[in-house]
>>> print(open('my_file.txt').read())   # compact mmCIF, C-alpha atoms
# COMPACT_ATOMS: atom_id res chain seq x y z
CA MET A 1 -31.70 -56.57 -0.73
CA LYS A 2 -32.95 -53.12 0.28
CA ARG A 3 -30.33 -53.00 3.06
CA LEU A 4 -27.60 -53.77 0.49
CA VAL A 5 -28.82 -50.97 -1.76
CA VAL A 6 -28.84 -48.50 1.15
CA VAL A 7 -25.33 -49.50 2.27
CA THR A 8 -24.08 -49.24 -1.32
CA CYS A 9 -25.57 -45.73 -1.64
CA LEU A 10 -23.98 -44.65 1.62
CA VAL A 11 -20.59 -45.92 0.47
CA LEU A 12 -20.98 -44.02 -2.80
CA LEU A 13 -21.95 -40.84 -0.97
CA VAL A 14 -18.93 -41.10 1.30
CA PHE A 15 -16.70 -41.74 -1.71
CA VAL A 16 -18.11 -38.71 -3.55
CA ALA A 17 -17.73 -36.53 -0.45
CA LEU A 18 -14.12 -37.61 0.08
CA ASN A 19 -13.34 -37.15 -3.59
CA SER A 20 -14.90 -33.67 -3.56
CA GLN A 21 -12.85 -32.81 -0.50
CA ARG A 22 -9.68 -33.98 -2.26
CA GLU A 23 -10.55 -31.87 -5.31
CA GLY A 24 -11.21 -28.89 -3.04
CA ASP A 25 -7.85 -29.43 -1.33
CA LEU A 26 -6.14 -29.52 -4.72
CA LYS A 27 -7.85 -26.30 -5.77
CA ASN A 28 -7.07 -24.64 -2.47
CA PRO A 29 -4.08 -26.45 -0.93
CA CYS A 30 -3.71 -23.85 1.82
CA GLN A 31 -7.21 -24.14 3.29
CA ASN A 32 -6.69 -26.63 6.15
CA MET A 33 -3.72 -24.87 7.74
CA THR A 34 -2.91 -22.52 10.61
CA LYS A 35 -2.61 -18.81 9.81
CA SER A 36 1.20 -18.87 9.72
CA GLN A 37 1.19 -22.01 7.57
CA LYS A 38 -1.28 -20.40 5.19
CA GLN A 39 0.92 -17.33 4.82
CA GLN A 40 3.89 -19.48 3.81
CA CYS A 41 1.66 -21.56 1.53
CA TRP A 42 0.36 -18.43 -0.22
CA GLN A 43 3.89 -17.13 -0.68
CA ASP A 44 4.89 -20.46 -2.22
CA GLN A 45 1.85 -20.42 -4.51
CA MET A 46 2.62 -16.93 -5.74
CA GLU A 47 6.29 -17.70 -6.35
CA SER A 48 5.46 -20.92 -8.16
CA THR A 49 2.90 -19.14 -10.36
CA LEU A 50 5.38 -16.35 -11.10
CA ASN A 51 8.03 -18.84 -12.21
CA SER A 52 5.74 -21.08 -14.23
CA ALA A 53 3.11 -18.71 -15.68
CA GLY A 54 4.53 -15.19 -15.43
CA LEU A 55 3.90 -11.99 -13.53
CA ASP A 56 0.40 -11.29 -14.81
CA GLN A 57 -0.85 -14.71 -13.67
CA ALA A 58 0.82 -14.22 -10.28
CA PHE A 59 -1.20 -11.02 -9.87
CA THR A 60 -4.35 -12.86 -10.97
CA LEU A 61 -3.74 -15.42 -8.22
CA MET A 62 -3.18 -12.60 -5.76
CA ASP A 63 -6.51 -11.05 -6.78
CA GLN A 64 -8.29 -14.37 -6.13
CA LEU A 65 -6.67 -14.75 -2.73
CA PHE A 66 -7.60 -11.18 -1.84
CA LYS A 67 -11.26 -11.88 -2.57
CA ASN A 68 -11.44 -15.27 -0.85
CA GLU A 69 -8.97 -15.11 2.05
CA PRO A 70 -9.49 -12.37 4.71
CA ASP A 71 -6.07 -13.04 6.26
CA PHE A 72 -4.42 -12.55 2.88
CA ALA A 73 -6.38 -9.35 2.20
CA SER A 74 -5.33 -7.82 5.54
CA ASP A 75 -1.64 -8.07 4.56
CA CYS A 76 -1.93 -7.84 0.79
CA HIS A 77 0.69 -5.07 0.57
CA GLY A 78 3.21 -7.31 2.30
CA PHE A 79 2.53 -10.27 0.01
CA VAL A 80 2.83 -8.20 -3.17
CA HIS A 81 6.01 -6.69 -1.72
CA LEU A 82 7.46 -10.22 -1.61
CA LEU A 83 6.24 -10.81 -5.16
CA GLY A 84 8.27 -7.78 -6.25
CA GLU A 85 11.40 -9.21 -4.63
CA LYS A 86 10.94 -12.53 -6.46
CA ALA A 87 10.15 -10.78 -9.75
CA TYR A 88 13.45 -8.90 -9.56
CA LEU A 89 15.32 -12.21 -9.52
CA LEU A 90 13.69 -13.12 -12.85
CA PHE A 91 14.48 -9.67 -14.22
CA SER A 92 18.12 -9.81 -13.10
CA GLU A 93 18.59 -13.27 -14.64
CA LYS A 94 17.33 -11.96 -18.01
CA LYS A 95 14.37 -14.33 -17.87
CA ASP A 96 11.04 -13.59 -19.53
CA PHE A 97 9.66 -10.50 -17.77
CA GLN A 98 6.60 -8.50 -18.73
CA LEU A 99 5.52 -5.74 -16.35
CA SER A 100 1.84 -6.14 -15.52
CA GLU A 101 -0.72 -3.35 -15.39
CA LYS A 102 -1.88 -5.08 -12.19
CA SER A 103 1.31 -3.94 -10.44
CA SER A 104 -0.74 -1.16 -8.82
CA PHE A 105 -2.61 -3.73 -6.70
CA CYS A 106 -2.45 -3.35 -2.92
CA GLY A 107 -0.77 0.02 -2.67
CA TYR A 108 1.94 -0.59 -5.29
CA GLY A 109 3.87 -2.84 -2.92
CA PHE A 110 5.30 -4.69 -5.94
CA TYR A 111 7.65 -1.80 -6.75
CA HIS A 112 8.78 -1.44 -3.16
CA GLY A 113 9.93 -5.06 -3.07
CA PHE A 114 11.40 -4.97 -6.58
CA MET A 115 13.52 -1.87 -5.98
CA GLU A 116 14.69 -3.01 -2.55
CA ALA A 117 15.94 -6.25 -4.12
CA LEU A 118 17.60 -4.38 -6.99
CA LEU A 119 19.46 -1.95 -4.76
CA GLN A 120 20.52 -4.58 -2.25
CA LYS A 121 21.97 -6.70 -5.03
CA THR A 122 23.53 -4.05 -7.28
CA ALA A 123 23.40 -0.62 -5.56
CA ASP A 124 23.19 0.64 -9.14
CA MET A 125 21.21 3.89 -9.17
CA THR A 126 21.41 4.15 -12.95
CA GLU A 127 19.71 0.78 -13.31
CA ALA A 128 17.14 1.78 -10.69
CA ARG A 129 16.27 4.99 -12.51
CA ARG A 130 16.14 3.17 -15.84
CA PHE A 131 13.67 0.64 -14.49
CA CYS A 132 11.44 3.36 -13.04
CA GLU A 133 11.44 5.16 -16.38
CA TYR A 134 10.58 1.87 -18.08
CA ALA A 135 7.71 1.25 -15.63
CA ASP A 136 6.39 4.78 -16.13
CA ALA A 137 6.51 4.52 -19.93
CA GLU A 138 5.13 0.97 -20.04
CA LEU A 139 2.12 1.68 -17.84
CA LYS A 140 1.40 5.39 -18.21
CA LYS A 141 -1.80 4.69 -20.13
CA THR A 142 -3.00 2.45 -17.32
CA THR A 143 -1.89 4.35 -14.23
CA ALA A 144 -0.32 7.70 -13.47
CA ASP A 145 1.70 6.44 -10.51
CA ALA A 146 3.78 3.43 -11.56
CA GLY A 147 6.90 5.58 -11.82
CA GLY A 148 6.20 7.30 -8.51
CA ALA A 149 5.72 4.00 -6.70
CA CYS A 150 8.96 2.79 -8.23
CA TYR A 151 10.86 5.83 -6.90
CA HIS A 152 9.32 5.22 -3.48
CA GLY A 153 10.89 1.79 -3.71
CA ILE A 154 14.29 3.33 -4.46
CA GLY A 155 14.08 5.28 -1.20
CA HIS A 156 13.13 2.09 0.63
CA GLY A 157 16.12 0.22 -0.74
CA ALA A 158 18.56 3.07 -0.19
CA VAL A 159 18.00 2.95 3.57
CA ASP A 160 17.78 -0.81 3.88
CA GLY A 161 21.13 -1.18 2.13
CA SER A 162 22.89 1.50 4.17
CA ASP A 163 26.52 1.51 5.33
CA PRO A 164 26.90 -0.69 8.46
CA ARG A 165 29.11 2.03 9.97
CA THR A 166 26.02 4.25 10.25
CA TRP A 167 23.86 1.67 12.03
CA GLY A 168 22.36 2.95 15.25
CA ASP A 169 22.41 6.56 14.05
CA PRO A 170 19.16 7.31 12.18
CA GLN A 171 20.34 10.68 10.87
CA ALA A 172 23.56 9.19 9.56
CA MET A 173 21.51 6.49 7.83
CA ILE A 174 18.92 8.80 6.29
CA THR A 175 21.25 11.56 5.02
CA PRO A 176 22.94 9.55 2.23
CA ALA A 177 19.56 8.07 1.25
CA LEU A 178 18.12 11.58 0.78
CA SER A 179 21.15 12.56 -1.28
CA LEU A 180 20.66 9.51 -3.48
CA CYS A 181 16.99 10.44 -3.94
CA GLU A 182 18.01 13.92 -5.07
CA MET A 183 20.52 12.45 -7.49
CA VAL A 184 18.31 9.79 -9.01
CA SER A 185 15.10 11.82 -9.35
CA ASN A 186 16.42 15.05 -10.91
CA ASP A 187 13.40 16.88 -9.46
CA GLU A 188 13.52 20.43 -8.25
CA ILE A 189 13.49 21.05 -4.49
CA PRO A 190 10.90 21.14 -3.02
CA SER A 191 9.24 18.40 -5.00
CA PRO A 192 5.45 18.18 -5.41
CA ARG A 193 3.77 15.48 -3.35
CA TYR A 194 3.55 13.05 -6.24
CA GLY A 195 6.90 14.04 -7.74
CA LYS A 196 9.80 11.60 -8.07
CA LEU A 197 11.88 13.18 -5.32
CA TYR A 198 9.02 13.31 -2.81
CA ARG A 199 8.12 9.69 -3.48
CA CYS A 200 11.73 8.58 -3.13
CA VAL A 201 12.21 10.53 0.10
CA SER A 202 8.96 9.14 1.54
CA GLY A 203 10.28 5.67 0.75
CA ALA A 204 13.50 6.42 2.61
CA PHE A 205 11.64 7.55 5.73
CA ASN A 206 9.29 4.59 5.38
CA GLY A 207 12.31 2.29 5.43
CA LEU A 208 13.79 4.09 8.44
CA GLU A 209 10.52 3.79 10.36
CA ILE A 210 10.28 0.05 9.67
CA LEU A 211 13.86 -0.54 10.82
CA SER A 212 13.36 1.60 13.93
CA THR A 213 10.09 -0.04 14.93
CA SER A 214 11.48 -3.54 14.42
CA GLY A 215 14.78 -2.74 16.17
CA GLN A 216 16.96 -3.63 13.19
CA TYR A 217 20.38 -2.12 12.43
CA LYS A 218 20.77 -1.08 16.09
CA LEU A 219 17.85 1.35 15.76
CA SER A 220 14.97 1.97 18.15
CA LEU A 221 12.09 4.39 18.56
CA ASN A 222 12.32 7.44 20.82
CA LYS A 223 9.08 6.86 22.72
CA ASP A 224 9.26 10.29 24.33
CA ASP A 225 9.24 12.00 20.93
CA LEU A 226 8.36 9.66 18.07
CA PHE A 227 8.74 12.43 15.50
CA TRP A 228 12.11 13.80 16.66
CA ILE A 229 13.90 12.69 13.49
CA CYS A 230 11.27 14.50 11.38
CA ARG A 231 11.64 17.76 13.30
CA ASN A 232 15.37 17.73 12.47
CA GLN A 233 14.90 17.44 8.71
CA PRO A 234 14.99 20.28 6.18
CA LYS A 235 11.56 21.88 5.85
CA HIS A 236 10.93 20.40 2.42
CA TYR A 237 11.38 16.85 3.73
CA GLN A 238 9.36 17.08 6.92
CA GLU A 239 5.95 16.20 5.49
CA ALA A 240 7.28 12.98 3.95
CA CYS A 241 8.91 12.06 7.26
CA PHE A 242 5.91 12.80 9.50
CA THR A 243 3.53 10.80 7.30
CA GLN A 244 5.76 7.73 7.33
CA PHE A 245 6.39 7.77 11.08
CA VAL A 246 2.65 7.64 11.76
CA VAL A 247 3.00 3.84 11.67
CA ALA A 248 5.44 4.09 14.59
CA VAL A 249 2.85 6.12 16.51
CA MET A 250 0.23 3.44 15.88
CA ASN A 251 2.66 0.80 17.07
CA ILE A 252 3.28 2.62 20.36
CA THR A 253 -0.43 3.27 21.02
CA GLY A 254 -1.47 -0.28 20.14
CA ASN A 255 -3.46 0.95 17.11
CA ASP A 256 -5.49 3.32 19.27
CA PHE A 257 -6.52 5.85 16.64
CA ALA A 258 -7.74 8.48 19.10
CA ALA A 259 -4.49 8.35 21.07
CA SER A 260 -2.49 8.42 17.83
CA ALA A 261 -4.42 11.47 16.59
CA GLU A 262 -3.66 13.23 19.87
CA ILE A 263 0.08 12.66 19.35
CA ILE A 264 -0.16 13.91 15.77
CA ASP A 265 -1.97 17.00 17.00
CA SER A 266 1.28 17.95 18.80
CA ILE A 267 2.78 18.77 15.37
CA LYS A 268 2.45 22.53 15.08
CA GLU A 269 2.73 23.06 11.34
CA ASP A 270 -0.43 22.26 9.40
CA THR A 271 1.68 21.35 6.37
CA SER A 272 3.03 18.34 8.26
CA ALA A 273 0.27 17.65 10.80
CA ILE A 274 -2.63 17.34 8.32
CA PRO A 275 -0.89 14.88 5.95
CA ALA A 276 0.20 12.86 9.00
CA LEU A 277 -3.38 12.70 10.29
CA GLN A 278 -4.56 11.64 6.84
CA ALA A 279 -1.93 8.89 6.74
CA LEU A 280 -3.30 7.66 10.06
CA VAL A 281 -6.94 7.63 8.94
CA VAL A 282 -6.16 5.76 5.71
CA GLU A 283 -5.06 2.90 7.97
CA LEU A 284 -8.55 2.62 9.45
CA VAL A 285 -9.54 0.78 6.30
CA ASN A 286 -6.45 -1.41 6.42
CA GLN A 287 -7.37 -2.37 9.99
CA GLY A 288 -10.92 -3.27 8.94
CA LYS A 289 -12.46 -0.33 10.84
CA THR A 290 -14.88 0.68 8.09
CA ASP A 291 -18.04 1.67 9.95
CA TYR A 292 -19.16 5.00 8.48
CA GLN A 293 -20.83 6.38 11.59
CA GLN A 294 -17.95 5.50 13.90
CA THR A 295 -15.44 7.10 11.56
CA LEU A 296 -17.48 10.26 11.16
CA SER A 297 -17.86 10.56 14.93
CA PHE A 298 -14.10 10.14 15.27
CA CYS A 299 -13.34 12.73 12.58
CA ARG A 300 -15.78 15.28 13.98
CA SER A 301 -14.25 14.92 17.45
CA LEU A 302 -10.81 16.03 16.22
CA SER A 303 -9.31 19.52 16.09
CA ASN A 304 -10.96 21.73 13.50
CA ARG A 305 -7.93 21.55 11.22
CA PHE A 306 -8.26 17.76 11.02
CA GLN A 307 -11.99 17.18 10.55
CA ILE A 308 -12.42 17.50 6.77
CA PRO A 309 -9.00 15.95 5.95
CA CYS A 310 -9.98 13.02 8.18
CA ILE A 311 -13.18 12.35 6.23
CA SER A 312 -11.50 12.57 2.83
CA ALA A 313 -8.63 10.34 4.02
CA PHE A 314 -11.09 7.64 5.06
CA ALA A 315 -12.39 7.59 1.49
CA GLU A 316 -8.81 7.44 0.22
CA GLY A 317 -8.26 4.39 2.41
CA PHE A 318 -10.80 2.46 0.35
CA LEU A 319 -8.85 3.31 -2.80
CA LYS A 320 -5.58 2.15 -1.27
CA TYR A 321 -6.84 -1.03 0.38
CA GLY A 322 -9.96 -1.95 -1.57
CA PRO A 323 -10.41 -5.04 -3.78
CA PRO A 324 -8.14 -4.90 -6.85
CA GLU A 325 -9.76 -3.10 -9.82
CA LYS A 326 -12.80 -2.19 -7.71
CA GLU A 327 -11.10 0.06 -5.16
CA TYR A 328 -13.29 3.02 -6.08
CA VAL A 329 -16.64 1.33 -5.30
CA GLU A 330 -16.62 1.72 -1.52
CA ALA A 331 -14.90 5.13 -1.74
CA ILE A 332 -17.72 6.52 -3.90
CA LYS A 333 -20.32 4.84 -1.70
CA PHE A 334 -18.89 6.49 1.41
CA CYS A 335 -18.75 9.96 -0.16
CA SER A 336 -22.39 9.53 -1.26
CA SER A 337 -23.59 8.51 2.20
CA PRO A 338 -26.44 10.60 3.67
CA LEU A 339 -24.48 10.53 6.95
CA LEU A 340 -22.16 13.18 5.48
CA GLU A 341 -23.02 16.87 5.48
CA GLU A 342 -23.04 18.60 2.11
CA PHE A 343 -19.66 20.31 2.60
CA GLU A 344 -18.18 16.99 3.76
CA LYS A 345 -19.44 15.24 0.63
CA SER A 346 -17.91 17.89 -1.58
CA SER A 347 -14.46 17.50 -0.01
CA CYS A 348 -14.76 13.72 -0.02
CA PHE A 349 -15.53 13.56 -3.75
CA GLU A 350 -12.83 16.08 -4.60
CA LYS A 351 -10.26 13.84 -2.92
CA VAL A 352 -11.44 10.57 -4.45
CA LEU A 353 -11.97 11.84 -7.98
CA SER A 354 -8.58 13.57 -8.03
CA LEU A 355 -6.84 10.27 -7.20
CA LEU A 356 -8.56 7.94 -9.68
CA ARG A 357 -5.75 8.12 -12.26
CA ILE A 358 -3.34 6.62 -9.75
CA TRP A 359 -5.27 3.36 -10.05
CA TYR A 360 -7.08 3.47 -13.39
CA THR A 361 -6.84 4.34 -17.06
CA VAL A 362 -8.05 7.71 -18.32
CA SER A 363 -11.21 6.16 -19.79
CA LYS A 364 -12.08 4.23 -16.62
CA SER A 365 -11.38 7.28 -14.43
CA GLU A 366 -13.65 9.41 -16.58
CA SER A 367 -16.34 6.72 -16.60
CA ILE A 368 -16.31 6.53 -12.80
CA CYS A 369 -16.33 10.29 -12.49
CA TRP A 370 -19.29 10.74 -14.83
CA GLU A 371 -21.36 8.41 -12.68
CA VAL A 372 -21.05 10.84 -9.77
CA ASP A 373 -23.66 13.53 -9.09
CA PRO A 374 -22.68 16.50 -11.34
CA LYS A 375 -22.34 18.91 -8.41
CA TYR A 376 -19.48 16.86 -6.98
CA ARG A 377 -17.47 16.35 -10.14
CA TRP A 378 -13.94 17.69 -9.98
CA GLN A 379 -12.42 19.58 -12.94
CA ASN A 380 -15.17 18.28 -15.24
CA CYS A 381 -13.84 14.73 -15.04
CA LYS A 382 -10.89 15.50 -17.33
CA TYR A 383 -7.82 13.42 -16.65
>>> encode(input="my_file.txt", output="structure tokens")
Amino acid sequence: MKRLVVVTCLVLLVFVALNSQREGDLKNPCQNMTKSQKQQCWQDQMESTLNSAGLDQAFTLMDQLFKNEPDFASDCHGFVHLLGEKAYLLFSEKKDFQLSEKSSFCGYGFYHGFMEALLQKTADMTEARRFCEYADAELKKTTADAGGACYHGIGHGAVDGSDPRTWGDPQAMITPALSLCEMVSNDEIPSPRYGKLYRCVSGAFNGLEILSTSGQYKLSLNKDDLFWICRNQPKHYQEACFTQFVVAVMNITGNDFAASAEIIDSIKEDTSAIPALQALVVELVNQGKTDYQQTLSFCRSLSNRFQIPCISAFAEGFLKYGPPEKEYVEAIKFCSSPLLEEFEKSSCFEKVLSLLRIWYTVSKSESICWEVDPKYRWQNCKY
């Protein structure tokens, strides 16, 4: 009788375990898959959620995946880029579409994908501008950069939808894209770094770099001078070009940050070299290289002109690639670290606090700022 009871208990335990596993599989259908299978599964999940529950719920799912799936988090910008492409299809078909305040997640990749899809399908710059104005007005209380990210997406799409007759000639491909940016933005030249024209132009060079690195449209990188296309641009467009082609440098060096910094140091003008170096260092966080001491040693080993910008860019990397809605936490923690010298802390906080409105509401930005030691507060925490 005892043996029967034991066997019965074991059977029940196995049943419960199997049932729990099935429930776990239903809650997380992508868990027992290879990395490539998971990526496709996540894409399918996000698209299904978008179609059935709307954009806000799709972003909520993305937030959950970011927190629980390291492989998803490492390419979050790419996934939200795809979400933007799918969201445009809903928008273009006049289906229910409500722009989410969560569209800033993962470096605003949503707008890049949305605008690329719009321009590839319609090439309608008036519609593109109208959507960016809508995004800016809809979300201006939440974030100061929705419109800017949208214009960056216009630049992206303008290059990716270029005239096939220009393929293989990067200058011939970029010139009409820059003209379109000038037309659609209505900004004065030169445009401030976070102005519409600058963001659009940076998107155009971003698109050109991606196509060149991947060998699409008969393009390739000039490995002897990765920045040659940037040197040939008008002065007011060079910074945007150099910062975007940093990814090409990383590709050539195999993500060797020291070797990449050495190549960037060949840029003579500080106005282009320093932003390019900062664009490089931001990617440390994206690559998971977040050790404070290692980063500080790296920054302090660079040319004098790069040392402080390097430290502040590392903090910015946490804002760009940190967990949605909590991006600031690690940035503030780094700036507060006793490993930093006093003058390094000051520059670090100035950078981070000045960028908070890109991600957060005025009230949240001010709340974060007021938690910082008073001697590091920037412009009295007024946003």
>>> residues_around(input="my_file.txt", residues="stretch 341-347 of chain A", least_positions_apart="6", cutoff="7 Å", atoms="all atoms listed in the file", output="short mmCIF file (atom, residue, chain, number, x, y, z; two decimals) with C-alpha atoms, in the frame of the given file")
data_model
loop_
_atom_site.label_atom_id
_atom_site.label_comp_id
_atom_site.auth_asym_id
_atom_site.auth_seq_id
_atom_site.Cartn_x
_atom_site.Cartn_y
_atom_site.Cartn_z
CA ILE A 308 -12.42 17.50 6.77
CA SER A 312 -11.50 12.57 2.83
CA CYS A 335 -18.75 9.96 -0.16
CA TYR A 376 -19.48 16.86 -6.98
#
>>> atom_distance(input="my_file.txt", atom1="atom CA of A:Asp56", atom2="atom CA of A:Glu366")
25.1 Å
>>> atom_distance(input="my_file.txt", atom1="atom CA of A:Cys381", atom2="atom CA of A:Val352")
11.6 Å
>>> closest_residue(input="my_file.txt", among="A:Tyr237, A:Phe349, A:Trp359, A:Tyr292", to="A:Pro374", atoms="all atoms listed in the file")
A:Phe349
>>> closest_residue(input="my_file.txt", among="A:Ala172, A:Ala177, A:Met62, A:Ile263", to="A:Ile229", atoms="only C-alpha atoms")
A:Ala172
>>> residues_near_point(input="my_file.txt", point="(0.9, -21.5, -9.3)", cutoff="12 Å", atoms="all atoms listed in the file", output="PyMOL selection string")
chain A and resi 26-29+41-62
>>> residues_around(input="my_file.txt", residues="stretch 192-197 of chain A", least_positions_apart="5", cutoff="10 Å", atoms="all atoms listed in the file", output="JSON, numbers by chain")
{"A": [132, 144, 145, 147, 148, 149, 150, 151, 152, 155, 178, 180, 181, 182, 183, 184, 185, 186, 187, 202, 203, 236, 237, 239, 240]}
>>> decode(input="my_file.txt", residues="stretch 135-169 of chain A", atoms="C-alpha atoms", output="compact mmCIF listing (two decimals), in the first residue's frame")
# COMPACT_ATOMS: atom_id res chain seq x y z
CA ALA A 135 4.77 63.01 -33.54
CA ASP A 136 6.38 66.16 -32.15
CA ALA A 137 3.03 67.68 -31.15
CA GLU A 138 1.61 64.43 -29.78
CA LEU A 139 4.57 63.63 -27.56
CA LYS A 140 6.22 66.97 -26.78
CA LYS A 141 5.11 66.79 -23.15
CA THR A 142 6.72 63.37 -22.83
CA THR A 143 9.93 63.78 -24.80
CA ALA A 144 11.75 66.60 -26.54
CA ASP A 145 13.11 64.42 -29.34
CA ALA A 146 10.26 62.53 -31.00
CA GLY A 147 10.25 64.96 -33.92
CA GLY A 148 14.03 64.87 -34.23
CA ALA A 149 14.10 61.08 -34.29
CA CYS A 150 11.40 61.15 -36.93
CA TYR A 151 13.46 63.48 -39.15
CA HIS A 152 16.45 61.17 -38.68
CA GLY A 153 14.21 58.47 -40.09
CA ILE A 154 13.43 60.64 -43.13
CA GLY A 155 17.15 60.83 -43.90
CA HIS A 156 17.42 57.06 -43.52
CA GLY A 157 14.60 56.45 -45.96
CA ALA A 158 15.78 59.04 -48.46
CA VAL A 159 19.03 57.14 -49.04
CA ASP A 160 17.55 53.66 -48.90
CA GLY A 161 15.04 54.59 -51.59
CA SER A 162 17.56 56.26 -53.88
CA ASP A 163 17.60 56.23 -57.69
CA PRO A 164 19.08 52.92 -58.96
CA ARG A 165 21.07 54.92 -61.53
CA THR A 166 23.17 56.32 -58.67
CA TRP A 167 24.00 52.94 -57.12
CA GLY A 168 27.70 52.40 -56.64
CA ASP A 169 28.40 56.13 -56.35
